[in-house]
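Colleague: As input, take start_9.pdb (PDB, C-alpha atoms and all ligand atoms):
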ATOM      1  CA  MET A   1      41.276  44.871 -40.159
ATOM      2  CA  ARG A   2      40.141  45.648 -36.612
ATOM      3  CA  ILE A   3      38.125  43.024 -34.694
ATOM      4  CA  ASP A   4      36.202  44.075 -31.612
ATOM      5  CA  ILE A   5      36.440  41.552 -28.802
ATOM      6  CA  ILE A   6      33.404  42.003 -26.580
ATOM      7  CA  GLU A   7      32.461  39.126 -24.382
ATOM      8  CA  HIS A   8      28.864  37.987 -24.315
ATOM      9  CA  GLU A   9      28.283  36.205 -21.030
ATOM     10  CA  PRO A  10      26.314  32.977 -20.609
ATOM     11  CA  PRO A  11      23.697  31.716 -20.159
ATOM     12  CA  TYR A  12      23.108  31.529 -23.885
ATOM     13  CA  ARG A  13      19.589  31.116 -25.256
ATOM     14  CA  VAL A  14      19.579  28.353 -27.839
ATOM     15  CA  GLY A  15      16.731  28.206 -30.337
ATOM     16  CA  VAL A  16      15.973  24.571 -31.136
ATOM     17  CA  ILE A  17      14.686  23.899 -34.639
ATOM     18  CA  ILE A  18      13.337  20.372 -35.000
ATOM     19  CA  GLY A  19      13.200  19.201 -38.594
ATOM     20  CA  SER A  20      10.147  17.001 -38.087
ATOM     21  CA  LEU A  21       6.508  17.972 -37.720
ATOM     22  CA  SER A  22       5.569  14.494 -36.536
ATOM     23  CA  ARG A  23       3.832  14.160 -33.159
ATOM     24  CA  ASP A  24       6.025  11.222 -32.148
ATOM     25  CA  SER A  25       9.203  12.435 -33.803
ATOM     26  CA  ILE A  26      12.382  10.632 -32.805
ATOM     27  CA  ASN A  27      14.244  13.873 -33.479
ATOM     28  CA  ARG A  28      12.059  15.661 -30.953
ATOM     29  CA  ARG A  29      12.945  12.931 -28.454
ATOM     30  CA  LEU A  30      16.614  13.413 -29.281
ATOM     31  CA  ALA A  31      16.248  17.180 -28.796
ATOM     32  CA  THR A  32      14.758  16.615 -25.329
ATOM     33  CA  ALA A  33      17.651  14.333 -24.436
ATOM     34  CA  LEU A  34      20.206  16.866 -25.681
ATOM     35  CA  GLU A  35      18.686  19.605 -23.544
ATOM     36  CA  ARG A  36      18.963  17.365 -20.493
ATOM     37  CA  LEU A  37      22.590  16.502 -21.252
ATOM     38  CA  ALA A  38      23.649  20.073 -22.005
ATOM     39  CA  PRO A  39      25.729  22.224 -19.669
ATOM     40  CA  PRO A  40      23.697  24.636 -17.509
ATOM     41  CA  GLU A  41      25.103  27.619 -19.421
ATOM     42  CA  LEU A  42      22.789  26.712 -22.294
ATOM     43  CA  GLU A  43      19.069  27.489 -22.082
ATOM     44  CA  PHE A  44      16.651  26.239 -24.714
ATOM     45  CA  PHE A  45      13.480  27.299 -26.425
ATOM     46  CA  GLU A  46      11.840  25.712 -29.440
ATOM     47  CA  ILE A  47      11.420  27.712 -32.604
ATOM     48  CA  SER A  48       8.331  26.307 -34.267
ATOM     49  CA  TYR A  49       7.423  26.790 -37.882
ATOM     50  CA  ALA A  50       4.464  24.463 -38.476
ATOM     51  CA  ASP A  51       2.156  27.399 -39.309
ATOM     52  CA  LEU A  52       4.285  28.858 -42.069
ATOM     53  CA  PRO A  53       2.753  28.939 -45.541
ATOM     54  CA  LEU A  54       4.860  27.885 -48.481
ATOM     55  CA  TYR A  55       7.485  30.504 -49.208
ATOM     56  CA  ASN A  56       6.622  32.747 -52.144
ATOM     57  CA  ARG A  57       8.753  35.757 -52.977
ATOM     58  CA  ASP A  58       5.637  37.636 -54.061
ATOM     59  CA  LEU A  59       5.028  38.039 -50.310
ATOM     60  CA  ASP A  60       8.433  39.607 -49.600
ATOM     61  CA  ALA A  61       6.914  43.092 -49.437
ATOM     62  CA  ASP A  62       4.195  41.981 -47.034
ATOM     63  CA  TYR A  63       5.516  39.122 -44.901
ATOM     64  CA  PRO A  64       2.773  37.018 -43.249
ATOM     65  CA  PRO A  65       2.621  37.251 -39.411
ATOM     66  CA  ALA A  66       3.777  33.644 -38.965
ATOM     67  CA  ALA A  67       6.917  34.373 -40.973
ATOM     68  CA  LEU A  68       7.616  37.592 -39.062
ATOM     69  CA  ALA A  69       7.236  35.678 -35.783
ATOM     70  CA  PHE A  70       9.577  32.958 -37.027
ATOM     71  CA  LYS A  71      12.235  35.481 -38.003
ATOM     72  CA  ALA A  72      11.887  37.267 -34.672
ATOM     73  CA  ASP A  73      12.445  33.972 -32.835
ATOM     74  CA  VAL A  74      15.538  33.218 -34.900
ATOM     75  CA  ARG A  75      16.901  36.708 -34.314
ATOM     76  CA  SER A  76      16.299  36.518 -30.577
ATOM     77  CA  ALA A  77      18.376  33.346 -30.193
ATOM     78  CA  ASP A  78      22.043  33.507 -29.207
ATOM     79  CA  ALA A  79      22.616  30.221 -31.050
ATOM     80  CA  LEU A  80      20.634  27.668 -33.034
ATOM     81  CA  LEU A  81      20.505  23.888 -32.700
ATOM     82  CA  PHE A  82      19.064  21.975 -35.669
ATOM     83  CA  VAL A  83      17.838  18.472 -34.832
ATOM     84  CA  THR A  84      16.571  16.975 -38.038
ATOM     85  CA  PRO A  85      15.594  13.802 -39.833
ATOM     86  CA  GLU A  86      16.864  12.963 -43.284
ATOM     87  CA  TYR A  87      14.184  12.813 -45.964
ATOM     88  CA  ASN A  88      15.187  11.229 -49.250
ATOM     89  CA  ARG A  89      18.847  12.030 -48.607
ATOM     90  CA  SER A  90      18.128  15.684 -47.904
ATOM     91  CA  ILE A  91      16.242  17.676 -45.259
ATOM     92  CA  PRO A  92      12.458  17.715 -44.890
ATOM     93  CA  GLY A  93      10.739  20.230 -47.149
ATOM     94  CA  ALA A  94       9.002  21.928 -44.215
ATOM     95  CA  LEU A  95      12.362  22.724 -42.645
ATOM     96  CA  LYS A  96      13.771  24.060 -45.903
ATOM     97  CA  ASN A  97      10.653  26.184 -46.307
ATOM     98  CA  ALA A  98      11.208  27.699 -42.851
ATOM     99  CA  ILE A  99      14.862  28.372 -43.629
ATOM    100  CA  ASP A 100      13.844  30.124 -46.844
ATOM    101  CA  TRP A 101      11.370  32.353 -44.979
ATOM    102  CA  GLY A 102      14.108  33.265 -42.520
ATOM    103  CA  SER A 103      16.463  34.270 -45.309
ATOM    104  CA  ARG A 104      14.328  36.897 -47.010
ATOM    105  CA  PRO A 105      13.623  39.631 -48.105
ATOM    106  CA  TRP A 106      17.074  39.944 -49.649
ATOM    107  CA  GLY A 107      19.400  41.749 -47.261
ATOM    108  CA  GLU A 108      17.206  41.018 -44.233
ATOM    109  CA  SER A 109      18.181  37.460 -43.430
ATOM    110  CA  ALA A 110      17.806  36.378 -39.817
ATOM    111  CA  TRP A 111      20.533  33.735 -40.116
ATOM    112  CA  ALA A 112      23.777  35.625 -40.625
ATOM    113  CA  ASP A 113      26.492  35.073 -38.023
ATOM    114  CA  LYS A 114      24.357  32.828 -35.793
ATOM    115  CA  PRO A 115      26.326  30.072 -34.085
ATOM    116  CA  THR A 116      24.727  26.835 -35.333
ATOM    117  CA  ALA A 117      25.017  23.123 -34.689
ATOM    118  CA  VAL A 118      23.446  20.280 -36.643
ATOM    119  CA  ILE A 119      22.511  16.838 -35.373
ATOM    120  CA  GLY A 120      19.916  14.253 -36.350
ATOM    121  CA  ALA A 121      18.486  10.821 -35.746
ATOM    122  CA  SER A 122      17.264   8.133 -38.075
ATOM    123  CA  PRO A 123      16.453   4.449 -37.625
ATOM    124  CA  GLY A 124      18.947   3.780 -40.423
ATOM    125  CA  LYS A 125      22.666   3.122 -39.975
ATOM    126  CA  ILE A 126      23.945   6.376 -41.488
ATOM    127  CA  GLY A 127      21.869   8.374 -38.994
ATOM    128  CA  THR A 128      21.043  11.401 -41.211
ATOM    129  CA  ALA A 129      24.628  11.889 -42.457
ATOM    130  CA  VAL A 130      23.544  12.831 -45.977
ATOM    131  CA  GLY A 131      20.687  15.054 -44.837
ATOM    132  CA  GLN A 132      23.023  16.897 -42.494
ATOM    133  CA  GLN A 133      25.462  17.630 -45.317
ATOM    134  CA  SER A 134      22.612  19.137 -47.283
ATOM    135  CA  LEU A 135      21.646  21.331 -44.321
ATOM    136  CA  ARG A 136      25.261  22.318 -43.736
ATOM    137  CA  SER A 137      25.516  23.505 -47.302
ATOM    138  CA  THR A 138      22.467  25.741 -46.851
ATOM    139  CA  LEU A 139      23.637  27.052 -43.471
ATOM    140  CA  SER A 140      27.008  27.814 -44.993
ATOM    141  CA  PHE A 141      25.457  29.807 -47.816
ATOM    142  CA  LEU A 142      23.387  31.696 -45.237
ATOM    143  CA  ASN A 143      26.604  32.766 -43.490
ATOM    144  CA  THR A 144      25.868  31.075 -40.176
ATOM    145  CA  ARG A 145      28.834  30.157 -37.974
ATOM    146  CA  GLN A 146      28.718  26.373 -37.996
ATOM    147  CA  MET A 147      30.256  24.059 -35.476
ATOM    148  CA  THR A 148      31.882  21.637 -37.921
ATOM    149  CA  SER A 149      33.234  19.227 -35.304
ATOM    150  CA  PRO A 150      32.187  17.080 -33.544
ATOM    151  CA  GLU A 151      29.625  15.625 -35.936
ATOM    152  CA  ALA A 152      26.812  13.472 -34.574
ATOM    153  CA  TYR A 153      24.831  10.965 -36.613
ATOM    154  CA  VAL A 154      22.460   9.144 -34.306
ATOM    155  CA  GLN A 155      21.003   5.752 -35.190
ATOM    156  CA  PHE A 156      17.819   5.774 -33.162
ATOM    157  CA  THR A 157      16.619   2.517 -31.633
ATOM    158  CA  PRO A 158      13.179   2.457 -29.964
ATOM    159  CA  ASP A 159      14.583   2.424 -26.413
ATOM    160  CA  LEU A 160      17.510   4.831 -26.906
ATOM    161  CA  VAL A 161      15.673   7.639 -25.088
ATOM    162  CA  ASP A 162      13.377   6.732 -22.212
ATOM    163  CA  ALA A 163      10.085   8.365 -21.208
ATOM    164  CA  HIS A 164      11.908  10.995 -19.116
ATOM    165  CA  GLY A 165      14.080  12.031 -22.042
ATOM    166  CA  ASP A 166      17.196  10.298 -20.731
ATOM    167  CA  VAL A 167      19.570   8.416 -23.024
ATOM    168  CA  THR A 168      19.686   4.793 -21.897
ATOM    169  CA  ASP A 169      23.033   3.874 -23.459
ATOM    170  CA  ALA A 170      25.908   5.269 -21.350
ATOM    171  CA  GLU A 171      28.385   5.581 -24.209
ATOM    172  CA  THR A 172      25.905   7.440 -26.408
ATOM    173  CA  ALA A 173      24.919   9.687 -23.500
ATOM    174  CA  GLU A 174      28.566  10.626 -22.926
ATOM    175  CA  PHE A 175      29.079  11.294 -26.635
ATOM    176  CA  LEU A 176      26.035  13.568 -26.755
ATOM    177  CA  ARG A 177      27.068  15.321 -23.542
ATOM    178  CA  ARG A 178      30.403  16.137 -25.167
ATOM    179  CA  PHE A 179      28.630  17.336 -28.291
ATOM    180  CA  MET A 180      26.626  19.830 -26.242
ATOM    181  CA  ALA A 181      29.679  20.917 -24.240
ATOM    182  CA  ALA A 182      31.482  21.563 -27.527
ATOM    183  CA  PHE A 183      28.506  23.602 -28.727
ATOM    184  CA  LEU A 184      28.675  25.761 -25.603
ATOM    185  CA  ALA A 185      32.399  26.365 -26.142
ATOM    186  CA  TYR A 186      31.850  27.111 -29.807
ATOM    187  CA  THR A 187      28.974  29.511 -29.103
ATOM    188  CA  ALA A 188      31.032  31.382 -26.511
ATOM    189  CA  ARG A 189      33.885  31.695 -29.004
ATOM    190  CA  VAL A 190      31.667  33.011 -31.798
ATOM    191  CA  LEU A 191      29.846  35.480 -29.568
ATOM    192  CA  THR A 192      33.136  36.769 -28.226
ATOM    193  CA  VAL A 193      34.298  37.800 -31.672
ATOM    194  CA  ILE A 194      30.932  38.541 -33.242
ATOM    195  CA  PRO A 195      28.819  40.046 -30.460
ATOM    196  CA  ARG A 196      25.074  40.142 -30.879
ATOM    197  CA  SER A 197      23.852  43.531 -32.035
TER     198      SER A 197
HETATM  199  C1  LIG B   1      12.284   8.920 -44.467
HETATM  200  N1  LIG B   1      13.238   8.229 -43.728
HETATM  201  C2  LIG B   1      14.580   8.277 -44.115
HETATM  202  N2  LIG B   1      15.567   7.820 -43.296
HETATM  203  C3  LIG B   1      16.873   7.953 -43.657
HETATM  204  O1  LIG B   1      17.754   7.569 -42.903
HETATM  205  N3  LIG B   1      17.207   8.485 -44.883
HETATM  206  C4  LIG B   1      16.274   8.953 -45.748
HETATM  207  O2  LIG B   1      16.618   9.456 -46.803
HETATM  208  C5  LIG B   1      14.897   8.844 -45.375
HETATM  209  N4  LIG B   1      13.913   9.318 -46.188
HETATM  210  C6  LIG B   1      12.636   9.460 -45.711
HETATM  211  C7  LIG B   1      11.684  10.172 -46.469
HETATM  212  C8  LIG B   1      10.423  10.381 -45.947
HETATM  213  C9  LIG B   1       9.433  11.200 -46.724
HETATM  214  C10 LIG B   1      10.081   9.848 -44.678
HETATM  215  C11 LIG B   1       8.702  10.095 -44.095
HETATM  216  C12 LIG B   1      10.985   9.128 -43.964
HETATM  217  C13 LIG B   1      12.883   7.562 -42.470
HETATM  218  C14 LIG B   1      13.044   8.523 -41.309
HETATM  219  O3  LIG B   1      14.386   8.487 -40.861
HETATM  220  C15 LIG B   1      12.120   8.139 -40.152
HETATM  221  O4  LIG B   1      10.772   8.226 -40.574
HETATM  222  C16 LIG B   1      12.330   9.018 -38.927
HETATM  223  O5  LIG B   1      11.510   8.552 -37.878
HETATM  224  C17 LIG B   1      11.957  10.464 -39.239
HETATM  225  O6  LIG B   1      12.276  11.291 -38.145
HETATM  226  P1  LIG B   1      11.139  11.838 -37.146
HETATM  227  O7  LIG B   1      10.053  12.450 -37.956
HETATM  228  O8  LIG B   1      10.625  10.631 -36.376
HETATM  229  O9  LIG B   1      11.881  12.804 -36.275
END
Here is a file; write its structure as structure tokens.
Ligand code: FNR

Modeller:
Amino acid sequence: MRIDIIEHEPPYRVGVIIGSLSRDSINRRLATALERLAPPELEFFEISYADLPLYNRDLDADYPPAALAFKADVRSADALLFVTPEYNRSIPGALKNAIDWGSRPWGESAWADKPTAVIGASPGKIGTAVGQQSLRSTLSFLNTRQMTSPEAYVQFTPDLVDAHGDVTDAETAEFLRRFMAAFLAYTARVLTVIPRS
């Protein structure tokens, strides 16, 4: 089998998908902190999905504008960063709904071959570990290229991220900085072997 090696130069545009619709989401605060800790070769834009209706395959032949816009945003990203809460040991339904919209109609998924990373925050000790496994399973089925290591399960305390979006605990900040550096390296690797069309 022949593999084309074509380098795709940084900066890379990372679409950030926040799994919470809450105004004062701790995962949104984590996403802000991650952007500030990331290497300069990564640029970020949020992919929002709050306006999506519930997915219904009866609409596959006539996708609603909000779903077309969502898919276009996903397609335009060089890589995707999921920052999500855990709901009842899985991912929030609104996030799963958005992922479903992005995956259809059959054969026209926006997800395939995207470099992806998953991270999440919860007040609880396991810091979204179970929810992330659920998301990883879906992202695997959708043929995304997942960064499988490092993993990051963040137990969010009220003062972990300050009003500027900076992480107040030095050890956690360093861990998250390394997570984002690893995501840059992983994205570069994926895009070298699987260039964006
Ligand atoms: C939760 N929460 C939660 N936490 C957790 O660690 N494991 C879980 O399974 C759940 N389940 C769950 C279900 C529902 C419906 C809600 C609303 C909440 C608590 C959750 O971690 C907490 O509300 C976070 O603040 C949610 O993240 P955002 O929305 O602040 O980003």

Colleague: Could you build a table of the residues in chain A lying no more than 7 Å from ligand LIG 1 (chain B), giving for each the nearest pair of atoms and their separation in Å rounded to one decimal place, using all atoms listed in the file, ordered by chain and ascending residue number, as CSV?

Modeller:
residue,atom,partner,partner_atom,distance
A:Gly19,CA,B:LIG1,O9,6.9
A:Ser20,CA,B:LIG1,O7,4.6
A:Leu21,CA,B:LIG1,O7,6.6
A:Ser22,CA,B:LIG1,O7,5.1
A:Asp24,CA,B:LIG1,O8,6.3
A:Ser25,CA,B:LIG1,O8,3.4
A:Ile26,CA,B:LIG1,O8,4.0
A:Asn27,CA,B:LIG1,O9,3.8
A:Arg28,CA,B:LIG1,O9,6.0
A:Thr84,CA,B:LIG1,O9,6.5
A:Pro85,CA,B:LIG1,O6,4.5
A:Glu86,CA,B:LIG1,C4,4.7
A:Tyr87,CA,B:LIG1,N4,3.5
A:Asn88,CA,B:LIG1,O2,3.3
A:Arg89,CA,B:LIG1,O2,3.9
A:Ser90,CA,B:LIG1,O2,6.5
A:Ala121,CA,B:LIG1,O6,6.7
A:Ser122,CA,B:LIG1,O3,4.0
A:Pro123,CA,B:LIG1,O3,5.6
A:Gly124,CA,B:LIG1,O1,4.7
A:Ile126,CA,B:LIG1,O1,6.5
A:Gly127,CA,B:LIG1,O1,5.7
A:Thr128,CA,B:LIG1,O1,5.3

Colleague: Would you mind exporting C-alpha atoms of the selected residues as a compact mmCIF listing (two decimals), in the coordinates of the input?

Modeller:
# COMPACT_ATOMS: atom_id res chain seq x y z
CA GLY A 19 13.20 19.20 -38.59
CA SER A 20 10.15 17.00 -38.09
CA LEU A 21 6.51 17.97 -37.72
CA SER A 22 5.57 14.49 -36.54
CA ASP A 24 6.02 11.22 -32.15
CA SER A 25 9.20 12.44 -33.80
CA ILE A 26 12.38 10.63 -32.80
CA ASN A 27 14.24 13.87 -33.48
CA ARG A 28 12.06 15.66 -30.95
CA THR A 84 16.57 16.98 -38.04
CA PRO A 85 15.59 13.80 -39.83
CA GLU A 86 16.86 12.96 -43.28
CA TYR A 87 14.18 12.81 -45.96
CA ASN A 88 15.19 11.23 -49.25
CA ARG A 89 18.85 12.03 -48.61
CA SER A 90 18.13 15.68 -47.90
CA ALA A 121 18.49 10.82 -35.75
CA SER A 122 17.26 8.13 -38.08
CA PRO A 123 16.45 4.45 -37.62
CA GLY A 124 18.95 3.78 -40.42
CA ILE A 126 23.94 6.38 -41.49
CA GLY A 127 21.87 8.37 -38.99
CA THR A 128 21.04 11.40 -41.21

Colleague: Would you kindly translate the PyMOL selection byres (((chain A and resi 70-83) around 9) and not hetatm) into the concrete residues it picks from this file, as a count of residues only?

Modeller: 45

Colleague: For the structure shown, which residues end up in the PyMOL selection byres (((chain A and resi 34) around 10) and not hetatm)? Put them as a list in words, please?

Modeller: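 Going through the file, the PyMOL selection byres (((chain A and resi 34) around 10) and not hetatm) ends up selecting Arg28, Arg29, Leu30, Ala31, Thr32, Ala33, Glu35, Arg36, Leu37, Ala38, Pro39, Leu81, Val83, Ile119, Gly165, Asp166, Val167, Ala173, Leu176, Arg177, Phe179 and Met180 of chain A.
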
Colleague: Which distance in Å separates atom CA of Gly131 of chain A and atom CA of Glu108 of chain A, to one decimal?

Modeller: 26.2 Å

Colleague: Between A:Pro92, A:Asp162, A:Gln155, A:Ala170, which has the minimum distance to Leu135 of chain A (counting all atoms listed in the file)?

Modeller: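 With all atoms listed in the file as the atom set, the closest residue is A:Pro92.
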
Colleague: Could you check the closest approach to Asp58 of chain A for each of A:Thr192, A:Thr157, A:Pro105, A:Phe175 and tell me which residue wins, using only C-alpha atoms?

Modeller: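 Once distances to Asp58 of chain A are computed over only C-alpha atoms, the minimum belongs to A:Pro105.
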
Colleague: Can you work out the spacing between atom CA of Leu142 of chain A and atom CA of Ala61 of chain A in Å, to one decimal?

Modeller: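 These two atoms are separated by 20.5 Å.
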
Colleague: With only C-alpha atoms as the basis for distance, which of A:Ile99, A:Arg145, A:Phe156, A:Pro150 is at the shortest distance from Ala188 of chain A?

Modeller: A:Arg145

Colleague: Figure out the distance between atom CA of Asn97 of chain A and atom CA of Asp60 of chain A, please, to one decimal in Å.

Modeller: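 Value for the atom CA of Asp60 of chain A-atom CA of Asn97 of chain A distance: 14.0 Å.
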
Colleague: Under the rule that all atoms listed in the file are counted, which of A:Arg189, A:Ala50, A:Asp159, A:Arg23 is the nearest residue to Met147 of chain A?

Modeller: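 When distances to Met147 of chain A are compared using all atoms listed in the file, the smallest one comes from A:Arg189.
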
Colleague: In terms of the shortest atom-to-atom distance over all atoms listed in the file, which of A:Arg57, A:Tyr186, A:Pro11, A:Ile91 is closest to Ser149 of chain A?

Modeller: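 For Ser149 of chain A, the nearest of the candidates is A:Tyr186.
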
Colleague: Rank nothing, just name the residue among A:Glu9, A:Asp113, A:Asp51, A:Asp169 nearest to Ala185 of chain A, using only C-alpha atoms.

Modeller: A:Glu9

Colleague: Since fewer atoms than expected are present, regenerate N, CA, C and O atoms for segment 113-129 of chain A and write them as a compact mmCIF listing (two decimals), keeping the file's coordinate frame.

Modeller:
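The file below, part-v5.txt, is the result:
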# COMPACT_ATOMS: atom_id res chain seq x y z
N ASP A 113 25.60 35.05 -39.20
CA ASP A 113 26.49 35.07 -38.02
C ASP A 113 25.96 34.31 -36.81
O ASP A 113 26.57 34.35 -35.74
N LYS A 114 24.85 33.62 -36.94
CA LYS A 114 24.36 32.83 -35.79
C LYS A 114 25.26 31.62 -35.58
O LYS A 114 25.54 30.88 -36.55
N PRO A 115 25.68 31.35 -34.36
CA PRO A 115 26.33 30.07 -34.08
C PRO A 115 25.30 28.95 -34.28
O PRO A 115 24.20 29.03 -33.74
N THR A 116 25.67 27.93 -35.05
CA THR A 116 24.73 26.84 -35.33
C THR A 116 25.40 25.48 -35.10
O THR A 116 26.61 25.34 -35.28
N ALA A 117 24.57 24.51 -34.74
CA ALA A 117 25.02 23.12 -34.69
C ALA A 117 23.93 22.26 -35.31
O ALA A 117 22.73 22.60 -35.22
N VAL A 118 24.36 21.18 -35.93
CA VAL A 118 23.45 20.28 -36.64
C VAL A 118 23.62 18.87 -36.09
O VAL A 118 24.73 18.39 -35.90
N ILE A 119 22.49 18.22 -35.85
CA ILE A 119 22.51 16.84 -35.37
C ILE A 119 21.21 16.21 -35.85
O ILE A 119 20.24 16.93 -36.15
N GLY A 120 21.16 14.88 -35.92
CA GLY A 120 19.92 14.25 -36.35
C GLY A 120 19.90 12.77 -36.05
O GLY A 120 20.94 12.15 -35.82
N ALA A 121 18.68 12.24 -36.04
CA ALA A 121 18.49 10.82 -35.75
C ALA A 121 17.64 10.17 -36.82
O ALA A 121 16.70 10.77 -37.35
N SER A 122 18.01 8.94 -37.11
CA SER A 122 17.26 8.13 -38.08
C SER A 122 17.34 6.69 -37.62
O SER A 122 18.29 6.31 -36.94
N PRO A 123 16.34 5.86 -37.97
CA PRO A 123 16.45 4.45 -37.62
C PRO A 123 17.56 3.77 -38.44
O PRO A 123 18.07 2.73 -38.06
N GLY A 124 17.95 4.38 -39.54
CA GLY A 124 18.95 3.78 -40.42
C GLY A 124 20.37 3.97 -39.92
O GLY A 124 20.64 4.83 -39.07
N LYS A 125 21.28 3.17 -40.48
CA LYS A 125 22.67 3.12 -39.98
C LYS A 125 23.43 4.42 -40.19
O LYS A 125 24.30 4.77 -39.40
N ILE A 126 23.13 5.17 -41.26
CA ILE A 126 23.94 6.38 -41.49
C ILE A 126 23.41 7.57 -40.71
O ILE A 126 24.00 8.66 -40.78
N GLY A 127 22.30 7.37 -39.97
CA GLY A 127 21.87 8.37 -38.99
C GLY A 127 21.84 9.81 -39.48
O GLY A 127 22.36 10.70 -38.82
N THR A 128 21.26 10.05 -40.64
CA THR A 128 21.04 11.40 -41.21
C THR A 128 22.31 12.07 -41.77
O THR A 128 22.32 13.28 -42.01
N ALA A 129 23.36 11.29 -41.99
CA ALA A 129 24.63 11.89 -42.46
C ALA A 129 24.45 12.69 -43.75
O ALA A 129 24.99 13.78 -43.89
